[in-house]
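File shown here: structure22.cif, holding mmCIF, C-alpha atoms (C1' of nucleotides).
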```cif
data_target
loop_
_atom_site.label_atom_id
_atom_site.label_comp_id
_atom_site.auth_asym_id
_atom_site.auth_seq_id
_atom_site.Cartn_x
_atom_site.Cartn_y
_atom_site.Cartn_z
CA MET A 1 0.00 0.00 0.00
CA ASN A 2 1.30 3.47 -0.91
CA ILE A 3 1.66 6.22 1.65
CA GLY A 4 -1.42 8.01 0.33
CA ASP A 5 -3.67 5.06 1.06
CA ALA A 6 -2.09 4.48 4.44
CA ALA A 7 -2.80 8.12 5.17
CA LYS A 8 -6.44 7.84 4.16
CA ARG A 9 -6.98 4.67 6.13
CA SER A 10 -5.25 5.87 9.28
CA GLY A 11 -6.30 9.48 9.32
CA VAL A 12 -2.65 10.52 9.59
CA SER A 13 -1.43 12.77 6.77
CA ALA A 14 1.29 11.47 4.47
CA LYS A 15 3.40 14.37 5.64
CA MET A 16 3.13 13.23 9.21
CA ILE A 17 3.74 9.57 8.35
CA ARG A 18 7.06 10.57 6.81
CA TYR A 19 7.82 12.71 9.84
CA TYR A 20 7.05 9.89 12.27
CA GLU A 21 9.46 7.75 10.32
CA GLU A 22 12.10 10.47 10.39
CA ILE A 23 11.99 10.73 14.18
CA GLY A 24 12.10 6.97 14.54
CA LEU A 25 8.56 6.50 15.77
CA ILE A 26 7.73 4.10 12.95
CA LYS A 27 9.57 2.36 10.16
CA ALA A 28 8.67 1.69 6.55
CA SER A 29 9.85 -0.76 3.97
CA ARG A 30 10.56 0.48 0.49
CA ARG A 31 9.63 -0.97 -2.83
CA ALA A 32 12.03 -1.19 -5.75
CA ASN A 33 10.97 2.20 -7.04
CA GLY A 34 11.73 3.89 -3.73
CA TYR A 35 8.10 4.20 -2.67
CA ARG A 36 7.28 3.46 0.95
CA ASP A 37 5.17 0.35 1.37
CA TYR A 38 2.63 -0.20 4.15
CA ASP A 39 0.46 -3.09 5.22
CA GLU A 40 -2.51 -3.53 7.54
CA SER A 41 -0.43 -3.65 10.67
CA ASP A 42 1.29 -0.41 9.74
CA VAL A 43 -2.12 1.19 9.41
CA SER A 44 -3.02 -0.13 12.85
CA VAL A 45 0.07 1.45 14.32
CA LEU A 46 -0.77 4.76 12.67
CA GLN A 47 -4.30 4.59 14.00
CA PHE A 48 -2.92 3.85 17.45
CA ILE A 49 -0.68 6.90 17.25
CA ARG A 50 -3.52 9.01 16.00
CA ARG A 51 -5.70 7.96 18.90
CA THR A 52 -3.04 8.87 21.44
CA ARG A 53 -2.56 12.23 19.73
CA ASP A 54 -6.28 12.88 19.77
CA LEU A 55 -6.18 12.24 23.50
CA GLY A 56 -3.51 14.87 23.92
CA PHE A 57 -0.44 12.71 24.43
CA SER A 58 2.82 14.04 23.01
CA LEU A 59 4.64 12.06 20.34
CA ASP A 60 7.12 11.16 23.01
CA GLU A 61 4.37 9.68 25.14
CA ALA A 62 2.88 8.06 22.06
CA SER A 63 6.23 6.40 21.54
CA SER A 64 6.21 4.99 25.07
CA LEU A 65 2.64 3.80 24.75
CA LEU A 66 3.46 2.16 21.46
CA ALA A 67 6.37 0.34 23.07
CA LEU A 68 4.08 -0.87 25.84
CA TRP A 69 1.53 -1.97 23.31
CA ARG A 70 4.14 -4.01 21.48
CA ASP A 71 5.39 -5.63 24.65
CA ARG A 72 2.66 -8.12 25.36
CA LYS A 73 4.09 -8.90 28.75
CA ARG A 74 4.18 -5.33 30.08
CA PRO A 75 2.48 -4.84 33.41
CA SER A 76 -0.69 -2.80 32.95
CA ARG A 77 0.58 -0.70 35.86
CA GLU A 78 2.98 1.08 33.52
CA VAL A 79 0.27 1.97 31.07
CA LYS A 80 -1.98 3.19 33.82
CA ARG A 81 0.80 5.29 35.24
CA LEU A 82 1.34 7.09 31.92
CA ALA A 83 -2.38 7.66 31.55
CA SER A 84 -2.71 8.95 35.11
CA GLN A 85 0.18 11.32 34.70
CA HIS A 86 -1.40 12.68 31.57
CA ILE A 87 -4.73 13.10 33.33
CA GLU A 88 -3.03 15.02 36.12
CA ASP A 89 -1.24 17.19 33.62
CA LEU A 90 -4.49 18.01 31.85
CA GLU A 91 -6.20 18.74 35.15
CA ARG A 92 -3.42 21.05 36.24
CA ARG A 93 -3.62 22.95 32.98
CA MET A 94 -7.39 23.17 33.27
CA ARG A 95 -7.06 24.60 36.77
CA GLU A 96 -4.67 27.25 35.48
CA MET A 97 -6.99 28.12 32.63
CA ARG A 98 -9.95 28.24 34.96
CA ALA A 99 -8.14 30.76 37.16
CA VAL A 100 -7.38 32.89 34.14
CA VAL A 101 -10.99 32.72 32.98
CA ARG A 102 -12.21 33.76 36.41
CA THR A 103 -9.91 36.77 36.38
CA LEU A 104 -10.87 37.78 32.88
CA LYS A 105 -14.55 37.35 33.54
CA THR A 106 -14.36 39.57 36.57
CA LEU A 107 -12.57 42.21 34.57
CA ALA A 108 -14.95 41.92 31.64
CA ASP A 109 -17.94 42.12 33.95
CA HIS A 110 -16.77 45.51 35.14
CA CYS A 111 -16.09 46.83 31.68
CA HIS A 112 -18.91 48.83 30.12
CA GLY A 113 -18.15 47.42 26.73
CA ASP A 114 -19.61 50.43 24.95
CA GLU A 115 -18.41 53.66 23.39
CA ARG A 116 -16.88 54.92 26.60
CA SER A 117 -13.13 54.63 26.75
CA ASP A 118 -12.52 53.87 30.40
CA CYS A 119 -11.79 50.19 30.74
CA PRO A 120 -10.96 48.20 33.86
CA ILE A 121 -9.47 45.44 31.73
CA LEU A 122 -6.70 47.61 30.36
CA ASP A 123 -6.35 49.24 33.75
CA ASP A 124 -5.62 45.87 35.24
CA PHE A 125 -3.14 44.93 32.54
CA ALA A 126 -1.32 48.17 33.11
CA ALA A 127 -1.40 48.16 36.88
CA ALA A 128 -1.09 44.50 37.75
CA THR A 129 2.56 44.59 38.65
CA MET A 130 2.64 48.00 40.32
CA LYS A 131 2.82 48.43 44.04
CA LYS A 132 1.11 51.63 45.02
CA SER A 133 1.67 54.43 42.54
CA ALA A 134 -1.27 55.93 40.71
CA ARG A 135 -2.77 54.04 37.81
CA LYS A 136 -0.46 54.14 34.82
CA ARG A 137 -1.33 56.01 31.71
CA PRO A 138 -0.27 54.51 28.40
CA PRO A 139 3.36 55.62 28.01
CA ALA A 140 4.60 57.43 24.94
CA MET B 141 18.46 51.76 31.76
CA ASN B 142 20.15 48.69 30.24
CA ILE B 143 18.19 45.72 28.99
CA GLY B 144 19.18 43.66 32.03
CA ASP B 145 17.54 46.08 34.42
CA ALA B 146 14.48 46.46 32.24
CA ALA B 147 14.24 42.67 32.29
CA LYS B 148 14.47 42.49 36.07
CA ARG B 149 11.95 45.24 36.58
CA SER B 150 9.42 43.93 34.06
CA GLY B 151 9.77 40.22 34.59
CA VAL B 152 10.38 39.77 30.87
CA SER B 153 13.71 38.13 29.98
CA ALA B 154 16.28 40.14 28.03
CA LYS B 155 16.04 37.51 25.35
CA MET B 156 12.32 38.12 24.99
CA ILE B 157 12.67 41.89 25.08
CA ARG B 158 14.96 41.66 22.06
CA TYR B 159 12.55 39.30 20.38
CA TYR B 160 9.59 41.60 20.98
CA GLU B 161 11.59 44.34 19.35
CA GLU B 162 12.47 42.12 16.42
CA ILE B 163 8.83 41.34 15.68
CA GLY B 164 7.89 44.99 15.98
CA LEU B 165 5.93 44.70 19.21
CA ILE B 166 8.10 47.28 20.95
CA LYS B 167 10.85 49.66 20.01
CA ALA B 168 14.08 50.65 21.76
CA SER B 169 16.39 53.58 21.49
CA ARG B 170 20.11 52.95 21.37
CA ARG B 171 22.90 54.64 23.17
CA ALA B 172 26.15 55.61 21.47
CA ASN B 173 27.72 52.27 22.32
CA GLY B 174 24.94 50.34 20.66
CA TYR B 175 23.30 49.30 23.92
CA ARG B 176 19.52 49.42 24.07
CA ASP B 177 18.17 52.07 26.42
CA TYR B 178 14.91 51.84 28.34
CA ASP B 179 12.97 54.17 30.60
CA GLU B 180 10.09 53.80 33.02
CA SER B 181 7.43 53.84 30.36
CA ASP B 182 9.19 51.08 28.46
CA VAL B 183 9.13 49.01 31.62
CA SER B 184 5.41 49.69 31.93
CA VAL B 185 4.85 48.45 28.42
CA LEU B 186 6.83 45.30 29.14
CA GLN B 187 4.83 44.70 32.30
CA PHE B 188 1.64 45.17 30.30
CA ILE B 189 2.77 42.60 27.77
CA ARG B 190 3.80 40.22 30.52
CA ARG B 191 0.40 40.51 32.13
CA THR B 192 -1.39 39.72 28.89
CA ARG B 193 0.92 36.74 28.33
CA ASP B 194 0.27 35.49 31.85
CA LEU B 195 -3.43 35.61 31.04
CA GLY B 196 -2.86 33.44 28.00
CA PHE B 197 -3.15 36.00 25.21
CA SER B 198 -0.93 35.44 22.18
CA LEU B 199 1.67 38.03 21.27
CA ASP B 200 -0.59 38.95 18.41
CA GLU B 201 -3.42 39.67 20.81
CA ALA B 202 -1.00 41.41 23.14
CA SER B 203 -0.14 43.65 20.24
CA SER B 204 -3.80 44.55 19.69
CA LEU B 205 -4.36 45.15 23.38
CA LEU B 206 -1.30 47.36 23.51
CA ALA B 207 -2.61 49.39 20.60
CA LEU B 208 -5.93 49.82 22.38
CA TRP B 209 -4.16 50.83 25.56
CA ARG B 210 -2.23 53.49 23.70
CA ASP B 211 -5.34 54.85 22.03
CA ARG B 212 -6.96 56.73 24.86
CA LYS B 213 -10.13 57.27 22.89
CA ARG B 214 -10.77 53.64 22.00
CA PRO B 215 -14.22 52.38 22.88
CA SER B 216 -14.05 49.92 25.78
CA ARG B 217 -16.25 47.69 23.64
CA GLU B 218 -13.25 46.69 21.56
CA VAL B 219 -11.24 45.69 24.58
CA LYS B 220 -14.12 43.74 26.02
CA ARG B 221 -14.62 41.97 22.73
CA LEU B 222 -11.01 40.75 22.66
CA ALA B 223 -11.25 39.62 26.27
CA SER B 224 -14.53 37.83 25.66
CA GLN B 225 -13.19 36.06 22.62
CA HIS B 226 -10.24 34.89 24.64
CA ILE B 227 -12.50 33.68 27.42
CA GLU B 228 -14.53 31.70 24.92
CA ASP B 229 -11.41 30.24 23.42
CA LEU B 230 -10.18 29.13 26.83
CA GLU B 231 -13.56 27.67 27.69
CA ARG B 232 -13.70 25.76 24.44
CA ARG B 233 -10.27 24.31 25.05
CA MET B 234 -11.21 23.40 28.60
CA ARG B 235 -14.29 21.59 27.35
CA GLU B 236 -12.14 19.58 24.95
CA MET B 237 -9.67 18.74 27.68
CA ARG B 238 -12.45 17.79 30.03
CA ALA B 239 -13.83 15.35 27.47
CA VAL B 240 -10.41 13.80 27.06
CA VAL B 241 -9.99 13.53 30.82
CA ARG B 242 -13.36 11.84 31.11
CA THR B 243 -12.39 9.29 28.49
CA LEU B 244 -9.00 8.62 30.03
CA LYS B 245 -10.41 8.32 33.52
CA THR B 246 -12.94 5.78 32.39
CA LEU B 247 -10.22 3.77 30.70
CA ALA B 248 -7.88 4.06 33.68
CA ASP B 249 -10.65 3.04 36.05
CA HIS B 250 -11.02 -0.22 34.21
CA CYS B 251 -7.31 -0.93 34.10
CA HIS B 252 -6.02 -3.14 36.88
CA GLY B 253 -2.81 -1.19 37.06
CA ASP B 254 -0.87 -4.10 38.44
CA GLU B 255 1.43 -6.85 37.17
CA ARG B 256 -1.18 -8.26 34.85
CA SER B 257 -0.68 -7.37 31.22
CA ASP B 258 -4.21 -7.02 29.96
CA CYS B 259 -5.03 -3.36 29.69
CA PRO B 260 -8.23 -1.69 28.47
CA ILE B 261 -6.35 1.54 27.88
CA LEU B 262 -4.14 0.07 25.19
CA ASP B 263 -7.08 -1.92 23.89
CA ASP B 264 -8.94 1.30 23.33
CA PHE B 265 -6.01 2.99 21.63
CA ALA B 266 -5.69 0.05 19.31
CA ALA B 267 -9.35 -0.44 18.62
CA ALA B 268 -10.75 3.06 18.61
CA THR B 269 -10.90 3.49 14.87
CA MET B 270 -11.92 -0.03 13.98
CA LYS B 271 -15.40 -0.91 12.90
CA LYS B 272 -16.21 -4.43 13.94
CA SER B 273 -13.26 -6.77 13.56
CA ALA B 274 -11.80 -8.45 16.61
CA ARG B 275 -9.56 -6.47 18.91
CA LYS B 276 -6.21 -5.84 17.31
CA ARG B 277 -3.04 -7.40 18.57
CA PRO B 278 0.11 -5.33 18.44
CA PRO B 279 1.33 -5.76 14.86
CA ALA B 280 4.85 -6.87 14.07
"C1'" DC C 281 45.44 47.52 32.68
"C1'" DT C 282 43.04 43.42 33.81
"C1'" DT C 283 38.98 41.01 35.09
"C1'" DG C 284 34.30 40.20 35.37
"C1'" DA C 285 29.86 41.50 34.24
"C1'" DC C 286 27.51 43.44 30.97
"C1'" DC C 287 25.98 44.10 26.07
"C1'" DT C 288 25.69 42.92 20.89
"C1'" DT C 289 24.42 39.74 16.94
"C1'" DC C 290 23.93 35.23 15.06
"C1'" DC C 291 22.76 30.46 14.99
"C1'" DC C 292 20.40 26.43 16.91
"C1'" DA C 293 16.74 23.73 19.29
"C1'" DT C 294 12.21 22.96 20.84
"C1'" DT C 295 6.76 20.64 19.13
"C1'" DA C 296 3.86 19.05 15.54
"C1'" DT C 297 2.18 20.41 11.56
"C1'" DG C 298 1.53 22.16 6.84
"C1'" DG C 299 2.99 24.38 2.25
"C1'" DG C 300 5.32 24.02 -1.76
"C1'" DA C 301 9.05 23.18 -5.28
"C1'" DA C 302 11.73 20.13 -8.26
"C1'" DG C 303 11.97 15.95 -10.24
"C1'" DG C 304 11.09 10.82 -10.81
"C1'" DA C 305 7.29 6.87 -11.20
"C1'" DT C 306 3.03 5.17 -12.33
"C1'" DT C 307 -1.37 4.89 -14.31
"C1'" DA C 308 -5.32 5.94 -17.20
"C1'" DG C 309 -7.04 7.49 -21.48
"C1'" DG C 310 -6.70 7.98 -26.22
"C1'" DC D 311 2.73 3.88 -27.60
"C1'" DC D 312 2.42 8.58 -26.02
"C1'" DT D 313 0.75 12.00 -22.95
"C1'" DA D 314 -1.36 13.98 -19.02
"C1'" DA D 315 -2.71 13.48 -14.51
"C1'" DT D 316 -1.66 11.76 -10.28
"C1'" DC D 317 1.26 9.71 -7.47
"C1'" DC D 318 5.73 9.46 -5.04
"C1'" DT D 319 10.47 11.23 -3.48
"C1'" DT D 320 13.51 14.66 -0.98
"C1'" DC D 321 14.50 19.27 0.52
"C1'" DC D 322 13.57 23.77 2.31
"C1'" DC D 323 10.53 27.04 4.71
"C1'" DA D 324 7.11 28.66 8.15
"C1'" DT D 325 4.51 28.55 12.32
"C1'" DA D 326 4.69 30.41 18.27
"C1'" DA D 327 7.36 31.69 21.97
"C1'" DT D 328 11.10 30.64 24.37
"C1'" DG D 329 15.81 29.38 25.85
"C1'" DG D 330 20.87 28.10 25.15
"C1'" DG D 331 25.16 29.37 23.83
"C1'" DA D 332 29.16 31.25 21.08
"C1'" DA D 333 32.03 35.06 19.48
"C1'" DG D 334 33.17 39.44 20.26
"C1'" DG D 335 32.58 44.51 21.86
"C1'" DT D 336 32.01 47.63 26.25
"C1'" DC D 337 32.21 49.21 30.69
"C1'" DA D 338 33.24 49.61 35.61
"C1'" DA D 339 35.85 48.35 39.57
"C1'" DG D 340 40.10 47.26 41.44
#
```
Translate this file's structure into structure tokens.
Amino acid sequence: MNIGDAAKRSGVSAKMIRYYEEIGLIKASRRANGYRDYDESDVSVLQFIRRTRDLGFSLDEASSLLALWRDRKRPSREVKRLASQHIEDLERRMREMRAVVRTLKTLADHCHGDERSDCPILDDFAAATMKKSARKRPPA
Amino acid sequence: MNIGDAAKRSGVSAKMIRYYEEIGLIKASRRANGYRDYDESDVSVLQFIRRTRDLGFSLDEASSLLALWRDRKRPSREVKRLASQHIEDLERRMREMRAVVRTLKTLADHCHGDERSDCPILDDFAAATMKKSARKRPPA
DNA sequence: CTTGACCTTCCCATTATGGGAAGGATTAGG
DNA sequence: CCTAATCCTTCCCATAATGGGAAGGTCAAG
């Protein structure tokens, strides 16, 4: 199977398939004419990678998961550990984003949002790091 | 003021200050010896940028916000619109992450996480895109 | 005058992805 | 059998924002 078909069947672009090969994530056999050649199991691997990517794992993590998948005797503990770490990472990032959203919502709530120019949002951006001096005017 | 002091006072690294100048976000005057020279208002601008970055705005958005800050007659509506868009963007991304976390938690909950090798997490990664055939074994 | 702490520019790396060019291979239609 | 379209190949570039580090100029303190 040519790279184009492998791409269609796996949902991974041909560009990315070549890239994954370049970084050593996957391998590909070549035909006499130099074309890469893929079979069903290659497509399965690509689908596996795609699934991990869709779930937010990095290619590095995808690589580890792939190794675990290939090792039929791996303890499931290792897989679960990677998944749990990723969950914690996502939850930490969500907490950070939530804090930012709270801040921005508060600011936006106090902004008229009309033709008037006074704006507590910009005031905050300008004053956030200042200790006690009067509210900064836009310099220059 | 040298770039090092501007960096300390603004919380923006010297490296980034130079980069912001390179992409046209800020400007800097030079002294006779070629050193960049900053004053209080430059520091204020850097602090403003830092605040917007901390709140997750892109440098592109930071640029727009900076322009609005400098334009004392801008309608606050425009600022609020940018902020609201950013809030929506963050909320959309959080929803996506939350869905991923839900999926992963469900998978992890069903994984023994011990010495046994069978693992529903990897099973899902391998089977997610398949229609009806039996669960895939790791190819090759 | 030397030494150390600055500053300058320039290049490289990161992460994952896409765009596009130049040129060779294959395939379908006539 | 020839030609055009559609593949494939490699190579280079760009993205966003940041840091690392080298080579070399400058400045201030001793």
Atom-to-atom span, CA of Leu59 in chain A and CA of Arg18 in chain A, Å: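 A separation of 13.8 Å between them.
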Where does chain A meet chain B within 6 Å, residue by residue, with the nearest atom pair and distance in Å to one decimal for each, counting all atoms listed in the file, listed by chain and rising number, as a tab-separated table?
```
residue	atom	partner	partner_atom	distance
A:Ser41	CA	B:Pro279	CA	5.0
A:Phe48	CA	B:Ala266	CA	5.1
A:Arg51	CA	B:Phe265	CA	5.7
A:Leu55	CA	B:Val240	CA	5.7
A:Arg70	CA	B:Pro278	CA	5.2
A:Lys73	CA	B:Ser257	CA	5.6
A:Arg74	CA	B:Ser257	CA	5.4
A:Pro75	CA	B:Glu255	CA	4.4
A:Ser76	CA	B:Ser257	CA	4.9
A:Arg77	CA	B:Gly253	CA	3.6
A:Lys80	CA	B:Gly253	CA	5.5
A:Ile87	CA	B:Val241	CA	5.8
A:Val100	CA	B:Leu195	CA	5.7
A:Val101	CA	B:Ile227	CA	5.8
A:Ala108	CA	B:Lys220	CA	6.0
A:Gly113	CA	B:Arg217	CA	3.6
A:Asp114	CA	B:Arg217	CA	4.5
A:Glu115	CA	B:Pro215	CA	4.4
A:Arg116	CA	B:Pro215	CA	5.2
A:Ser117	CA	B:Pro215	CA	4.6
A:Cys119	CA	B:Ser216	CA	5.5
A:Phe125	CA	B:Phe188	CA	5.3
A:Ala126	CA	B:Phe188	CA	5.1
A:Pro138	CA	B:Arg210	CA	5.2
A:Pro139	CA	B:Ser181	CA	5.0
```
Tell me, in Å to one decimal, how far CA of Gln85 in chain A is from C1' of DA293 in chain C.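 It comes out at 25.8 Å.
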Quick one: residues within 10 Å of range 322-335 of chain D, only C-alpha atoms (C1' of nucleotides) counted, chain neighbours fewer than 5 positions away excluded, as a PDB file with C-alpha atoms (C1' of nucleotides), in the coordinates of the input?
```
ATOM      1  CA  SER B 153      13.710  38.130  29.980  1.00  0.00           C
ATOM      2  CA  LYS B 155      16.040  37.510  25.350  1.00  0.00           C
ATOM      3  CA  MET B 156      12.320  38.120  24.990  1.00  0.00           C
ATOM      4  CA  TYR B 159      12.550  39.300  20.380  1.00  0.00           C
ATOM      5  CA  ASN B 173      27.720  52.270  22.320  1.00  0.00           C
ATOM      6  CA  GLY B 174      24.940  50.340  20.660  1.00  0.00           C
ATOM      7  CA  SER B 198      -0.930  35.440  22.180  1.00  0.00           C
ATOM      8  CA  LEU B 199       1.670  38.030  21.270  1.00  0.00           C
TER       9      LEU B 199
ATOM     10  C1'  DC C 287      25.980  44.100  26.070  1.00  0.00           C
ATOM     11  C1'  DT C 288      25.690  42.920  20.890  1.00  0.00           C
ATOM     12  C1'  DT C 289      24.420  39.740  16.940  1.00  0.00           C
ATOM     13  C1'  DC C 290      23.930  35.230  15.060  1.00  0.00           C
ATOM     14  C1'  DC C 291      22.760  30.460  14.990  1.00  0.00           C
ATOM     15  C1'  DC C 292      20.400  26.430  16.910  1.00  0.00           C
ATOM     16  C1'  DA C 293      16.740  23.730  19.290  1.00  0.00           C
ATOM     17  C1'  DT C 294      12.210  22.960  20.840  1.00  0.00           C
ATOM     18  C1'  DT C 297       2.180  20.410  11.560  1.00  0.00           C
ATOM     19  C1'  DG C 298       1.530  22.160   6.840  1.00  0.00           C
ATOM     20  C1'  DG C 299       2.990  24.380   2.250  1.00  0.00           C
ATOM     21  C1'  DG C 300       5.320  24.020  -1.760  1.00  0.00           C
ATOM     22  C1'  DA C 301       9.050  23.180  -5.280  1.00  0.00           C
TER      23       DA C 301
END
```
Show which residues sit within 10 Å of Lys27 in chain A, as number ranges by chain. Count only C-alpha atoms (C1' of nucleotides), and ignore same-chain residues fewer than 4 positions away. A: 17-18, 20-23, 36, 38, 42
Find the distance between C1' of DT306 in chain C and C1' of DC311 in chain D and write it in Å to one decimal.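 C1' of DC311 in chain D lies 15.3 Å from C1' of DT306 in chain C.
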Expanded to explicit residues, what is the PyMOL selection byres ((chain D and resi 316) around 8) for this file, as a PyMOL selection string? (chain C and resi 307) or (chain D and resi 315+317)
